[in-house]
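Asker: The structure file model35.txt (compact mmCIF, C-alpha atoms and all ligand atoms) is provided below.
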# COMPACT_ATOMS: atom_id res chain seq x y z
CA MET P 1 -99.16 -35.15 -11.56
CA SER P 2 -99.80 -38.86 -11.00
CA THR P 3 -99.98 -40.28 -7.47
CA PRO P 4 -96.48 -41.17 -6.27
CA SER P 5 -95.94 -44.92 -6.03
CA LEU P 6 -94.17 -46.84 -3.30
CA LEU P 7 -93.29 -50.54 -3.20
CA ILE P 8 -92.95 -51.91 0.32
CA LEU P 9 -90.83 -55.02 0.86
CA PRO P 10 -90.92 -55.87 4.59
CA GLY P 11 -88.67 -58.96 4.27
CA ASP P 12 -87.72 -61.15 7.23
CA GLY P 13 -87.23 -61.10 11.00
CA ILE P 14 -88.00 -57.67 12.43
CA GLY P 15 -88.54 -56.28 8.89
CA PRO P 16 -92.33 -56.77 8.94
CA GLU P 17 -92.53 -55.47 12.53
CA VAL P 18 -90.78 -52.17 11.82
CA MET P 19 -92.56 -51.79 8.49
CA ALA P 20 -95.95 -52.08 10.21
CA GLU P 21 -95.07 -48.86 12.07
CA VAL P 22 -94.19 -47.10 8.81
CA ARG P 23 -97.58 -48.19 7.42
CA LYS P 24 -99.27 -46.41 10.36
CA ILE P 25 -97.47 -43.20 9.38
CA ILE P 26 -98.31 -43.56 5.68
CA ASP P 27 -101.97 -44.15 6.57
CA TRP P 28 -101.98 -41.15 8.91
CA MET P 29 -100.41 -38.89 6.28
CA GLY P 30 -102.95 -40.05 3.70
CA ALA P 31 -105.89 -39.37 6.00
CA ASN P 32 -104.65 -36.14 7.57
CA ARG P 33 -102.12 -34.44 5.32
CA GLY P 34 -103.58 -35.13 1.91
CA LEU P 35 -100.48 -37.13 1.01
CA ALA P 36 -101.68 -40.04 -1.05
CA PHE P 37 -99.31 -42.80 -2.12
CA GLU P 38 -100.10 -45.74 -4.34
CA VAL P 39 -98.66 -48.37 -2.02
CA SER P 40 -98.05 -51.98 -3.04
CA GLU P 41 -96.44 -54.65 -0.91
CA ASP P 42 -94.46 -57.74 -1.89
CA LEU P 43 -92.01 -60.36 -0.66
CA VAL P 44 -88.23 -60.28 -0.56
CA GLY P 45 -85.50 -62.39 1.03
CA GLY P 46 -86.41 -65.51 3.00
CA ALA P 47 -90.11 -64.69 2.80
CA ALA P 48 -89.92 -64.69 -1.01
CA TYR P 49 -87.87 -67.90 -0.98
CA ASP P 50 -90.53 -69.61 1.15
CA ALA P 51 -93.27 -68.56 -1.27
CA HIS P 52 -91.51 -68.79 -4.65
CA GLY P 53 -88.19 -70.63 -4.17
CA THR P 54 -86.30 -67.44 -5.04
CA PRO P 55 -85.34 -64.46 -2.84
CA LEU P 56 -86.78 -62.01 -5.39
CA HIS P 57 -89.46 -62.97 -7.89
CA ASP P 58 -89.12 -61.50 -11.40
CA ASP P 59 -92.52 -59.82 -11.01
CA THR P 60 -91.32 -58.06 -7.85
CA MET P 61 -88.15 -56.95 -9.64
CA ALA P 62 -90.25 -55.55 -12.50
CA LYS P 63 -92.47 -53.69 -10.00
CA ALA P 64 -89.39 -52.22 -8.31
CA GLN P 65 -88.26 -50.81 -11.66
CA GLU P 66 -91.60 -49.09 -12.20
CA VAL P 67 -92.33 -47.41 -8.87
CA ASP P 68 -91.04 -44.04 -7.65
CA ALA P 69 -89.40 -45.60 -4.60
CA VAL P 70 -88.87 -48.94 -2.87
CA LEU P 71 -88.86 -49.22 0.93
CA LEU P 72 -87.27 -52.39 2.29
CA GLY P 73 -87.27 -53.75 5.87
CA ALA P 74 -84.53 -56.35 6.25
CA VAL P 75 -83.67 -59.79 4.95
CA GLY P 76 -82.08 -62.96 6.29
CA GLY P 77 -82.16 -65.24 9.28
CA PRO P 78 -80.77 -68.53 10.61
CA LYS P 79 -83.54 -70.52 8.90
CA TYR P 80 -81.90 -69.70 5.56
CA ASP P 81 -78.23 -70.09 6.52
CA ALA P 82 -77.88 -73.52 4.89
CA LEU P 83 -79.38 -72.45 1.54
CA ASP P 84 -77.29 -72.40 -1.60
CA PHE P 85 -75.53 -69.05 -2.10
CA SER P 86 -77.61 -68.32 -5.23
CA VAL P 87 -80.92 -68.30 -3.33
CA LYS P 88 -79.84 -66.81 0.00
CA PRO P 89 -82.09 -63.95 1.20
CA GLU P 90 -79.32 -61.38 0.72
CA ARG P 91 -79.24 -62.21 -3.01
CA GLY P 92 -82.69 -60.64 -3.30
CA LEU P 93 -81.39 -57.35 -1.97
CA LEU P 94 -78.25 -57.50 -4.11
CA ARG P 95 -80.35 -58.14 -7.23
CA LEU P 96 -82.48 -55.09 -6.46
CA ARG P 97 -79.41 -52.89 -6.04
CA LYS P 98 -77.71 -54.24 -9.16
CA GLU P 99 -80.64 -54.22 -11.58
CA MET P 100 -81.83 -50.79 -10.45
CA ASP P 101 -78.19 -49.66 -10.91
CA LEU P 102 -78.12 -47.82 -7.60
CA TYR P 103 -74.74 -46.12 -7.66
CA ALA P 104 -75.11 -43.56 -4.88
CA ASN P 105 -75.44 -44.83 -1.33
CA LEU P 106 -76.69 -42.24 1.14
CA ARG P 107 -75.94 -42.68 4.80
CA PRO P 108 -77.03 -39.83 7.05
CA ALA P 109 -75.52 -39.32 10.47
CA GLN P 110 -78.11 -37.46 12.45
CA CYS P 111 -77.93 -37.11 16.21
CA PHE P 112 -81.08 -36.41 18.14
CA ASP P 113 -80.30 -34.34 21.24
CA ALA P 114 -82.04 -36.82 23.54
CA LEU P 115 -79.64 -39.57 22.42
CA ALA P 116 -76.41 -37.56 22.40
CA ASP P 117 -75.23 -39.49 25.48
CA PHE P 118 -75.19 -42.71 23.41
CA SER P 119 -72.33 -41.37 21.28
CA SER P 120 -68.75 -42.14 22.18
CA LEU P 121 -67.96 -38.47 21.52
CA LYS P 122 -68.65 -35.51 23.80
CA LYS P 123 -72.25 -34.36 23.80
CA ASP P 124 -71.57 -30.87 22.39
CA VAL P 125 -69.64 -32.42 19.48
CA VAL P 126 -72.59 -34.55 18.30
CA ALA P 127 -75.80 -32.92 19.61
CA GLY P 128 -77.81 -31.64 16.64
CA LEU P 129 -75.46 -33.26 14.11
CA ASP P 130 -77.00 -33.74 10.66
CA ILE P 131 -74.65 -34.78 7.87
CA MET P 132 -74.99 -37.00 4.81
CA ILE P 133 -72.34 -39.28 3.34
CA VAL P 134 -72.76 -40.13 -0.33
CA ARG P 135 -70.73 -43.22 -1.18
CA GLU P 136 -70.17 -44.39 -4.75
CA LEU P 137 -71.49 -47.94 -4.67
CA THR P 138 -70.93 -49.78 -7.95
CA SER P 139 -67.31 -49.18 -8.95
CA GLY P 140 -63.86 -48.52 -7.49
CA VAL P 141 -61.50 -50.97 -5.86
CA TYR P 142 -64.19 -53.54 -4.94
CA PHE P 143 -64.92 -54.13 -8.62
CA GLY P 144 -61.81 -53.02 -10.59
CA GLU P 145 -59.83 -55.48 -12.75
CA PRO P 146 -57.26 -57.00 -12.56
CA ARG P 147 -57.94 -58.59 -9.21
CA GLY P 148 -57.03 -61.86 -7.53
CA ILE P 149 -54.24 -63.70 -5.79
CA HIS P 150 -51.45 -65.18 -7.88
CA THR P 151 -47.91 -66.35 -7.44
CA GLU P 152 -44.91 -64.27 -8.45
CA GLY P 153 -41.60 -66.08 -8.04
CA ASN P 154 -41.89 -67.89 -4.74
CA GLU P 155 -44.57 -65.79 -3.06
CA ARG P 156 -48.27 -64.95 -3.46
CA VAL P 157 -49.45 -61.51 -4.47
CA GLY P 158 -52.91 -60.09 -3.73
CA ILE P 159 -54.21 -57.55 -6.26
CA ASN P 160 -57.14 -55.17 -6.40
CA THR P 161 -57.48 -52.26 -8.76
CA GLN P 162 -58.93 -48.85 -8.02
CA ARG P 163 -60.58 -47.74 -11.24
CA TYR P 164 -63.02 -44.91 -11.91
CA THR P 165 -64.29 -43.57 -15.21
CA GLU P 166 -65.21 -39.94 -15.64
CA SER P 167 -68.88 -40.80 -16.09
CA GLU P 168 -68.96 -42.83 -12.86
CA ILE P 169 -67.55 -39.88 -10.93
CA ASP P 170 -69.77 -37.40 -12.75
CA ARG P 171 -73.04 -39.16 -11.90
CA VAL P 172 -72.33 -39.67 -8.20
CA ALA P 173 -71.14 -36.05 -7.92
CA ARG P 174 -74.49 -34.96 -9.40
CA SER P 175 -76.36 -37.05 -6.82
CA ALA P 176 -74.41 -35.27 -4.06
CA PHE P 177 -75.02 -31.80 -5.50
CA GLU P 178 -78.74 -32.49 -5.97
CA LEU P 179 -78.97 -33.60 -2.33
CA ALA P 180 -77.05 -30.56 -1.15
CA ARG P 181 -79.64 -28.36 -2.88
CA LYS P 182 -82.28 -29.94 -0.65
CA ARG P 183 -80.08 -29.41 2.42
CA ASP P 184 -77.55 -26.69 3.33
CA GLY P 185 -75.91 -26.34 -0.10
CA LYS P 186 -72.45 -27.56 0.93
CA VAL P 187 -70.49 -30.54 -0.45
CA CYS P 188 -67.09 -31.79 0.66
CA SER P 189 -65.47 -34.29 -1.74
CA MET P 190 -62.98 -36.75 -0.23
CA GLU P 191 -60.26 -38.78 -2.02
CA LYS P 192 -56.49 -39.24 -1.86
CA ALA P 193 -55.43 -37.03 -4.76
CA ASN P 194 -52.02 -36.69 -3.07
CA VAL P 195 -51.13 -40.35 -3.72
CA MET P 196 -53.66 -41.81 -6.20
CA GLU P 197 -54.29 -40.94 -9.86
CA SER P 198 -57.90 -42.03 -9.50
CA GLY P 199 -58.10 -39.44 -6.71
CA ILE P 200 -56.73 -36.71 -8.99
CA LEU P 201 -59.35 -37.54 -11.63
CA TRP P 202 -62.06 -37.71 -8.94
CA ARG P 203 -61.17 -34.22 -7.70
CA GLU P 204 -61.04 -32.75 -11.23
CA VAL P 205 -64.36 -34.22 -12.36
CA VAL P 206 -66.25 -33.26 -9.18
CA GLN P 207 -64.96 -29.71 -9.54
CA GLU P 208 -65.91 -29.58 -13.25
CA VAL P 209 -69.47 -30.79 -12.57
CA ARG P 210 -69.87 -28.19 -9.85
CA ASP P 211 -68.49 -25.33 -11.98
CA LYS P 212 -70.61 -26.28 -14.98
CA ASP P 213 -73.98 -27.16 -13.46
CA TYR P 214 -74.03 -26.42 -9.73
CA PRO P 215 -72.40 -22.99 -9.18
CA ASP P 216 -74.78 -22.40 -6.25
CA ILE P 217 -73.15 -25.24 -4.27
CA GLU P 218 -70.20 -24.54 -1.98
CA LEU P 219 -67.66 -27.27 -2.83
CA SER P 220 -64.53 -28.15 -0.87
CA HIS P 221 -62.04 -31.01 -1.23
CA MET P 222 -60.32 -32.97 1.52
CA TYR P 223 -57.98 -35.97 1.64
CA ALA P 224 -60.00 -38.90 2.99
CA ASP P 225 -57.65 -39.56 5.92
CA ALA P 226 -57.88 -35.92 7.01
CA GLY P 227 -61.64 -36.23 6.52
CA ALA P 228 -61.77 -39.12 9.00
CA MET P 229 -59.97 -36.96 11.55
CA GLN P 230 -62.27 -34.01 10.95
CA LEU P 231 -65.33 -36.24 11.24
CA THR P 232 -64.38 -37.23 14.77
CA ARG P 233 -63.01 -33.79 15.74
CA TRP P 234 -65.91 -31.55 14.63
CA PRO P 235 -68.41 -33.38 12.40
CA LYS P 236 -70.83 -30.45 12.34
CA GLN P 237 -68.54 -28.62 9.86
CA PHE P 238 -69.94 -30.93 7.10
CA ASP P 239 -73.25 -31.03 5.25
CA VAL P 240 -72.87 -33.52 2.35
CA ILE P 241 -69.70 -35.59 1.91
CA VAL P 242 -69.17 -37.37 -1.43
CA THR P 243 -66.55 -40.06 -1.73
CA ASP P 244 -65.64 -43.32 -3.48
CA ASN P 245 -66.68 -46.86 -2.65
CA LEU P 246 -63.79 -47.83 -0.35
CA PHE P 247 -63.42 -44.55 1.56
CA GLY P 248 -67.20 -44.26 1.73
CA ASP P 249 -67.48 -47.72 3.26
CA LEU P 250 -65.18 -46.66 6.11
CA LEU P 251 -66.32 -43.08 6.55
CA SER P 252 -70.05 -43.89 6.55
CA ASP P 253 -69.63 -46.49 9.30
CA LEU P 254 -67.52 -44.06 11.28
CA ALA P 255 -70.05 -41.25 10.89
CA ALA P 256 -73.03 -43.50 11.65
CA MET P 257 -71.58 -44.61 14.94
CA LEU P 258 -71.12 -41.01 16.05
CA THR P 259 -74.83 -41.10 16.71
CA GLY P 260 -75.36 -44.28 18.73
CA SER P 261 -77.68 -47.21 18.00
CA LEU P 262 -78.08 -49.37 14.92
CA GLY P 263 -81.84 -49.16 15.44
CA MET P 264 -81.72 -45.44 14.55
CA LEU P 265 -79.85 -45.51 11.23
CA PRO P 266 -81.65 -45.04 7.89
CA SER P 267 -80.12 -45.26 4.41
CA ALA P 268 -80.94 -44.80 0.75
CA SER P 269 -79.44 -45.96 -2.51
CA LEU P 270 -80.11 -43.84 -5.58
CA GLY P 271 -79.65 -44.43 -9.29
CA ALA P 272 -80.15 -42.45 -12.47
CA PRO P 273 -83.07 -40.05 -12.82
CA MET P 274 -86.19 -41.67 -14.32
CA GLU P 275 -88.44 -40.05 -16.96
CA ASN P 276 -90.29 -38.10 -14.26
CA GLY P 277 -86.99 -36.66 -12.99
CA ARG P 278 -87.00 -38.70 -9.76
CA PRO P 279 -83.98 -40.91 -9.17
CA LYS P 280 -84.39 -44.69 -8.99
CA ALA P 281 -84.42 -45.24 -5.25
CA LEU P 282 -84.30 -47.91 -2.57
CA TYR P 283 -84.68 -46.87 1.07
CA GLU P 284 -83.83 -49.21 3.93
CA PRO P 285 -82.65 -49.21 7.53
CA VAL P 286 -78.95 -50.02 7.99
CA HIS P 287 -79.74 -52.83 10.42
CA GLY P 288 -80.45 -56.47 9.52
CA SER P 289 -83.33 -58.76 10.41
CA ALA P 290 -82.24 -59.10 14.07
CA PRO P 291 -83.44 -62.70 14.53
CA ASP P 292 -82.44 -62.52 18.21
CA ILE P 293 -85.31 -60.13 18.96
CA ALA P 294 -87.74 -60.88 16.12
CA GLY P 295 -91.37 -61.38 17.11
CA GLN P 296 -90.91 -59.97 20.61
CA GLY P 297 -91.98 -56.36 20.10
CA LYS P 298 -88.46 -55.20 20.97
CA ALA P 299 -87.34 -53.81 17.61
CA ASN P 300 -86.76 -50.10 17.25
CA PRO P 301 -88.82 -48.94 14.24
CA ILE P 302 -87.10 -45.53 14.02
CA ALA P 303 -84.42 -46.52 11.45
CA CYS P 304 -87.17 -47.68 9.08
CA ILE P 305 -89.34 -44.64 9.84
CA LEU P 306 -86.40 -42.32 9.14
CA SER P 307 -85.76 -44.22 5.89
CA PHE P 308 -89.32 -43.33 4.89
CA ALA P 309 -88.59 -39.70 5.87
CA MET P 310 -85.65 -39.83 3.43
CA ALA P 311 -88.01 -41.12 0.73
CA LEU P 312 -90.36 -38.21 1.43
CA ARG P 313 -87.50 -35.74 1.03
CA TYR P 314 -85.46 -37.23 -1.82
CA SER P 315 -88.03 -39.11 -3.93
CA PHE P 316 -91.28 -37.31 -3.30
CA ASP P 317 -90.19 -33.67 -2.85
CA GLN P 318 -91.94 -33.56 0.51
CA GLY P 319 -89.12 -32.01 2.49
CA GLU P 320 -91.46 -30.28 4.92
CA GLU P 321 -93.33 -33.49 5.70
CA ALA P 322 -89.98 -35.26 6.14
CA THR P 323 -88.86 -32.61 8.64
CA ARG P 324 -92.20 -32.86 10.45
CA LEU P 325 -91.74 -36.63 10.76
CA GLU P 326 -88.15 -36.26 11.99
CA GLN P 327 -89.35 -33.70 14.53
CA ALA P 328 -92.02 -36.15 15.73
CA VAL P 329 -89.28 -38.76 16.27
CA GLU P 330 -87.17 -36.18 18.10
CA ALA P 331 -90.13 -35.20 20.32
CA VAL P 332 -90.90 -38.80 21.28
CA LEU P 333 -87.26 -39.35 22.23
CA ALA P 334 -87.23 -36.10 24.19
CA ASP P 335 -90.21 -37.44 26.16
CA GLY P 336 -87.95 -40.32 27.24
CA LEU P 337 -89.64 -43.12 25.27
CA ARG P 338 -87.13 -45.85 24.50
CA THR P 339 -87.24 -49.23 22.77
CA ALA P 340 -85.06 -51.93 24.35
CA ASP P 341 -81.93 -51.05 22.33
CA LEU P 342 -81.92 -47.49 23.73
CA LEU P 343 -82.58 -48.26 27.38
CA GLY P 344 -79.97 -47.45 29.99
CA GLU P 345 -80.69 -43.93 31.14
CA GLU P 346 -82.53 -43.22 34.35
CA GLY P 347 -86.11 -42.08 33.92
CA ALA P 348 -86.55 -43.55 30.45
CA THR P 349 -89.91 -45.12 29.60
CA PRO P 350 -89.57 -48.55 27.96
CA VAL P 351 -91.89 -49.03 25.01
CA SER P 352 -92.56 -51.78 22.47
CA THR P 353 -92.14 -51.48 18.71
CA SER P 354 -95.78 -50.66 18.18
CA GLU P 355 -95.99 -48.27 21.14
CA MET P 356 -93.08 -46.34 19.62
CA GLY P 357 -94.89 -46.15 16.27
CA ASP P 358 -98.13 -45.03 17.96
CA ALA P 359 -96.27 -42.34 19.92
CA ILE P 360 -94.70 -40.96 16.74
CA VAL P 361 -98.09 -40.84 15.01
CA ALA P 362 -99.54 -39.08 18.09
CA LYS P 363 -96.78 -36.44 17.88
CA LEU P 364 -97.48 -35.96 14.18
CA ALA P 365 -101.16 -35.47 14.99
CA ALA P 366 -100.31 -32.99 17.76
CA SER P 367 -98.13 -30.94 15.40
CA ALA P 368 -100.71 -30.84 12.59
P1 LIG X 1 -78.54 -57.17 12.75
O1 LIG X 1 -78.44 -55.76 12.32
O2 LIG X 1 -79.75 -57.90 12.33
O3 LIG X 1 -78.45 -57.22 14.35
C1 LIG X 1 -77.28 -56.82 15.09
C2 LIG X 1 -77.70 -56.51 16.55
O4 LIG X 1 -78.42 -55.27 16.59
C3 LIG X 1 -78.64 -57.56 17.13
O5 LIG X 1 -78.34 -57.73 18.51
C4 LIG X 1 -80.01 -56.95 16.97
O6 LIG X 1 -80.94 -57.39 17.95
C5 LIG X 1 -79.73 -55.46 17.11
N1 LIG X 1 -80.65 -54.68 16.26
C6 LIG X 1 -80.63 -54.56 14.92
N2 LIG X 1 -81.62 -53.80 14.51
C7 LIG X 1 -82.32 -53.41 15.60
C8 LIG X 1 -83.48 -52.63 15.80
N3 LIG X 1 -84.15 -52.05 14.78
N4 LIG X 1 -83.92 -52.46 17.07
C9 LIG X 1 -83.27 -53.01 18.09
N5 LIG X 1 -82.16 -53.76 17.97
C10 LIG X 1 -81.70 -53.97 16.73
O7 LIG X 1 -77.22 -57.90 12.23
P2 LIG X 1 -76.81 -59.45 12.32
O8 LIG X 1 -77.26 -60.02 13.63
O9 LIG X 1 -75.39 -59.50 11.97
O10 LIG X 1 -77.61 -60.18 11.15
C11 LIG X 1 -78.87 -60.83 11.31
C12 LIG X 1 -79.40 -61.22 9.94
O11 LIG X 1 -79.66 -60.03 9.17
C13 LIG X 1 -78.43 -62.04 9.08
O12 LIG X 1 -79.15 -63.00 8.36
C14 LIG X 1 -77.80 -61.02 8.16
O13 LIG X 1 -77.34 -61.60 6.96
C15 LIG X 1 -78.96 -60.11 7.91
N6 LIG X 1 -78.60 -58.73 7.54
C16 LIG X 1 -79.43 -58.12 6.66
C17 LIG X 1 -79.21 -56.81 6.30
C18 LIG X 1 -80.19 -56.15 5.38
O14 LIG X 1 -81.28 -56.68 5.17
N7 LIG X 1 -79.88 -54.99 4.83
C19 LIG X 1 -78.16 -56.08 6.87
C20 LIG X 1 -77.34 -56.73 7.81
C21 LIG X 1 -77.58 -58.05 8.15
Go through the file and emit its structure as structure tokens.

Answerer:
Amino acid sequence: MSTPSLLILPGDGIGPEVMAEVRKIIDWMGANRGLAFEVSEDLVGGAAYDAHGTPLHDDTMAKAQEVDAVLLGAVGGPKYDALDFSVKPERGLLRLRKEMDLYANLRPAQCFDALADFSSLKKDVVAGLDIMIVRELTSGVYFGEPRGIHTEGNERVGINTQRYTESEIDRVARSAFELARKRDGKVCSMEKANVMESGILWREVVQEVRDKDYPDIELSHMYADAGAMQLTRWPKQFDVIVTDNLFGDLLSDLAAMLTGSLGMLPSASLGAPMENGRPKALYEPVHGSAPDIAGQGKANPIACILSFAMALRYSFDQGEEATRLEQAVEAVLADGLRTADLLGEEGATPVSTSEMGDAIVAKLAASA
């Protein structure tokens, strides 16, 4: 099989700083675990605008379409605030998502024991939590027509339309079932089939896909409002949750915050399978470019490192290496090492961005 290819787009602000730590891990894995990647690096966001006058050059877009996975740092910053909307850094990221047709957004909520005190929930509710929310990203009420604000009689009416086709539901359900096969084999689908026709169709199609092609997966259905309650009551009952764009927007933020800091949260967006069977994929931390701390060695690289772990698991079929990397992160946190965003406990050892990366590589080396 050909060497797996990875396009790295560090972007702006803390993006290049956190990505430098991922590069250390990639280099270590290449030298010590026989895991070779064909890595290329390019510009996105403000950095691309500075070089080319556009937040994503056509050549970079073409490269993104060819590789097995794209890993992005973050884009944006005050320097670019006054730019025309069409060339703002965020447009580069939106173009990537749109042209790669990334319809399944994966947001894990994973709580490392050492950080359980950062959650607003009780420690035993979140310690060891590891769930995945799959949100449909390209359809639903944010895109449905008709939409707009118009006048009826003597008042204004605001309209948005929740609309899902069978094929849109089918493909995101498949993404969730494929993921579940690489995890604990359980999927819970959430909608509001009690009050919405689109919810009834959603439930039917997800069930049909499961019965036809994924009989090994344990599927349950839940109304999204009850799901929100269950997520805060006992989140560990879930493995993979699949839901639409609107409910997924809310539920993934809720689930993410069960686990604490923004500097810890990875994500992935997946599209249709390519010829080699791998899905089109973009991995990125949830956080932005954090201009307030950029260039100071304060950024937490773990969200970006865990995004790479997701790439290992979901794009490169290296689940064991992904687990090894997550365990290295867990071990470093258990030792009390903390970047500035995680400080607060007594006895913690403050470390810089690059010291955190070095410590994770050292743990990987110790576990080899
Ligand atoms: P942000 O996520 O960049 O920062 C919010 C707060 O969290 C800041 O105080 C920041 O210092 C802190 N923070 C974020 N990531 C951290 C990390 N890894 N380690 C430690 N602390 C961290 O959000 P913002 O301030 O609203 O936006 C800043 C810029 O980023 C804007 O230009 C915005 O448009 C852009 N943005 C980009 C993305 C993306 O690239 N996906 C996402 C959100 C915001």

Asker: Could you check how far atom CA of P:Val332 sits from atom CA of P:Val134, in Å to one decimal?

Answerer: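 If I compute the distance from atom CA of P:Val332 to atom CA of P:Val134, I get 28.2 Å.
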
Asker: Mind checking which residues fall within 10 Å of P:Asp216, counting all atoms listed in the file, ignoring those fewer than 3 positions away in the same chain, and posting them as an mmCIF file with C-alpha atoms, in the frame of the given file?

Answerer:
data_model
loop_
_atom_site.group_PDB
_atom_site.id
_atom_site.type_symbol
_atom_site.label_atom_id
_atom_site.label_comp_id
_atom_site.auth_asym_id
_atom_site.auth_seq_id
_atom_site.Cartn_x
_atom_site.Cartn_y
_atom_site.Cartn_z
ATOM 1 C CA PHE P 177 -75.020 -31.800 -5.500
ATOM 2 C CA ALA P 180 -77.050 -30.560 -1.150
ATOM 3 C CA ARG P 181 -79.640 -28.360 -2.880
ATOM 4 C CA GLY P 185 -75.910 -26.340 -0.100
ATOM 5 C CA LYS P 186 -72.450 -27.560 0.930
ATOM 6 C CA ARG P 210 -69.870 -28.190 -9.850
ATOM 7 C CA ASP P 211 -68.490 -25.330 -11.980
ATOM 8 C CA ASP P 213 -73.980 -27.160 -13.460
ATOM 9 C CA LEU P 219 -67.660 -27.270 -2.830
#

Asker: Determine, counting only C-alpha atoms, which protein, DNA and RNA residues have an atom within 9 Å of an atom of P:Leu270; residues of the same chain fewer than 4 positions away are not included. Present the result as a ChimeraX atom specification.

Answerer: /P:100-106,175,279-283

Asker: Please save C-alpha atoms of the selected residues as a PDB file, in the coordinates of the input.

Answerer:
ATOM      1  CA  MET P 100     -81.830 -50.790 -10.450  1.00  0.00           C
ATOM      2  CA  ASP P 101     -78.190 -49.660 -10.910  1.00  0.00           C
ATOM      3  CA  LEU P 102     -78.120 -47.820  -7.600  1.00  0.00           C
ATOM      4  CA  TYR P 103     -74.740 -46.120  -7.660  1.00  0.00           C
ATOM      5  CA  ALA P 104     -75.110 -43.560  -4.880  1.00  0.00           C
ATOM      6  CA  ASN P 105     -75.440 -44.830  -1.330  1.00  0.00           C
ATOM      7  CA  LEU P 106     -76.690 -42.240   1.140  1.00  0.00           C
ATOM      8  CA  SER P 175     -76.360 -37.050  -6.820  1.00  0.00           C
ATOM      9  CA  PRO P 279     -83.980 -40.910  -9.170  1.00  0.00           C
ATOM     10  CA  LYS P 280     -84.390 -44.690  -8.990  1.00  0.00           C
ATOM     11  CA  ALA P 281     -84.420 -45.240  -5.250  1.00  0.00           C
ATOM     12  CA  LEU P 282     -84.300 -47.910  -2.570  1.00  0.00           C
ATOM     13  CA  TYR P 283     -84.680 -46.870   1.070  1.00  0.00           C
TER      14      TYR P 283
END

Asker: Taking only C-alpha atoms and all ligand atoms into account, which residues have an atom no farther than 6 Å from ligand LIG 1 (chain X)? I'd like them as number ranges by chain.

Answerer: P: 74-77, 262-263, 286-293, 299-301, 341

Asker: Mind pulling up the distance from atom CA of P:Pro16 to atom CA of P:Gly319?

Answerer: 25.8 Å

Asker: Need the shell around P:Asp358: protein/DNA/RNA residues with any atom at most 10 Å away, counting all atoms listed in the file. Skip same-chain ones fewer than 5 positions apart. Format as number ranges by chain?

Answerer: P: 21, 24-25, 352-353, 363-364

Asker: Given all atoms listed in the file, how would the per-residue table for stretch 129-206 of chain P near stretch 235-257 of chain P read, listing every residue at most 7 Å away with its closest atom pair and distance in Å to one decimal, sorted by chain and number, as JSON lines?

Answerer:
{"residue": "P:Leu129", "atom": "CA", "partner": "P:Lys236", "partner_atom": "CA", "distance": 5.7}
{"residue": "P:Ile131", "atom": "CA", "partner": "P:Asp239", "partner_atom": "CA", "distance": 4.8}
{"residue": "P:Met132", "atom": "CA", "partner": "P:Val240", "partner_atom": "CA", "distance": 4.8}
{"residue": "P:Ile133", "atom": "CA", "partner": "P:Ile241", "partner_atom": "CA", "distance": 4.8}
{"residue": "P:Val134", "atom": "CA", "partner": "P:Val242", "partner_atom": "CA", "distance": 4.7}
{"residue": "P:Arg135", "atom": "CA", "partner": "P:Gly248", "partner_atom": "CA", "distance": 4.7}
{"residue": "P:Glu136", "atom": "CA", "partner": "P:Asn245", "partner_atom": "CA", "distance": 4.8}
{"residue": "P:Leu137", "atom": "CA", "partner": "P:Asn245", "partner_atom": "CA", "distance": 5.3}
{"residue": "P:Ser139", "atom": "CA", "partner": "P:Asn245", "partner_atom": "CA", "distance": 6.7}
{"residue": "P:Gly140", "atom": "CA", "partner": "P:Asn245", "partner_atom": "CA", "distance": 5.8}
{"residue": "P:Val141", "atom": "CA", "partner": "P:Leu246", "partner_atom": "CA", "distance": 6.7}
{"residue": "P:Ala173", "atom": "CA", "partner": "P:Val242", "partner_atom": "CA", "distance": 6.9}
{"residue": "P:Ala176", "atom": "CA", "partner": "P:Val242", "partner_atom": "CA", "distance": 6.2}
{"residue": "P:Ala180", "atom": "CA", "partner": "P:Val240", "partner_atom": "CA", "distance": 6.2}
{"residue": "P:Asp184", "atom": "CA", "partner": "P:Asp239", "partner_atom": "CA", "distance": 6.4}
{"residue": "P:Lys186", "atom": "CA", "partner": "P:Asp239", "partner_atom": "CA", "distance": 5.6}
{"residue": "P:Val187", "atom": "CA", "partner": "P:Val240", "partner_atom": "CA", "distance": 4.7}
{"residue": "P:Cys188", "atom": "CA", "partner": "P:Ile241", "partner_atom": "CA", "distance": 4.8}
{"residue": "P:Ser189", "atom": "CA", "partner": "P:Val242", "partner_atom": "CA", "distance": 4.8}
{"residue": "P:Met190", "atom": "CA", "partner": "P:Thr243", "partner_atom": "CA", "distance": 5.1}
{"residue": "P:Glu191", "atom": "CA", "partner": "P:Thr243", "partner_atom": "CA", "distance": 6.4}

Asker: As an exercise, work out the distance from atom CA of P:Arg107 to atom CA of P:Gly73 in Å and give it to one decimal place.

Answerer: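 Separation of atom CA of P:Arg107 and atom CA of P:Gly73: 15.9 Å.
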
Asker: Applying 9 Å and only C-alpha atoms, which residues near P:Asp335 remain after dropping the ones on its own chain fewer than 6 positions away? List them as a PyMOL selection string.

Answerer: chain P and resi 114+348-349

Asker: Using all atoms listed in the file, which of the listed residues (P:Ser86, P:Thr54, P:Ser198, P:Thr151) sits closest to P:Glu168?

Answerer: P:Ser198

Asker: Write out as a PyMOL selection string the residues lying within 8 Å of P:Phe112, counting only C-alpha atoms and excluding same-chain residues fewer than 6 positions away.

Answerer: chain P and resi 127-129+259+330+333

Asker: Using all atoms listed in the file, find each residue of stretch 68-168 of chain P with at least one atom at most 8 Å away from an atom of stretch 32-46 of chain P; report its shortest atom-to-atom pair and that distance in Å (one decimal), sort the rows by chain and rising residue number, and return the result as CSV.

Answerer:
residue,atom,partner,partner_atom,distance
P:Val75,CA,P:Gly45,CA,5.0
P:Gly76,CA,P:Gly46,CA,6.0
P:Gly77,CA,P:Gly46,CA,7.6
P:Tyr80,CA,P:Gly46,CA,6.7
P:Lys88,CA,P:Gly45,CA,7.3
P:Pro89,CA,P:Gly45,CA,3.8
P:Glu90,CA,P:Gly45,CA,6.3
P:Arg91,CA,P:Gly45,CA,7.5
P:Gly92,CA,P:Gly45,CA,5.5
P:Leu93,CA,P:Gly45,CA,7.2
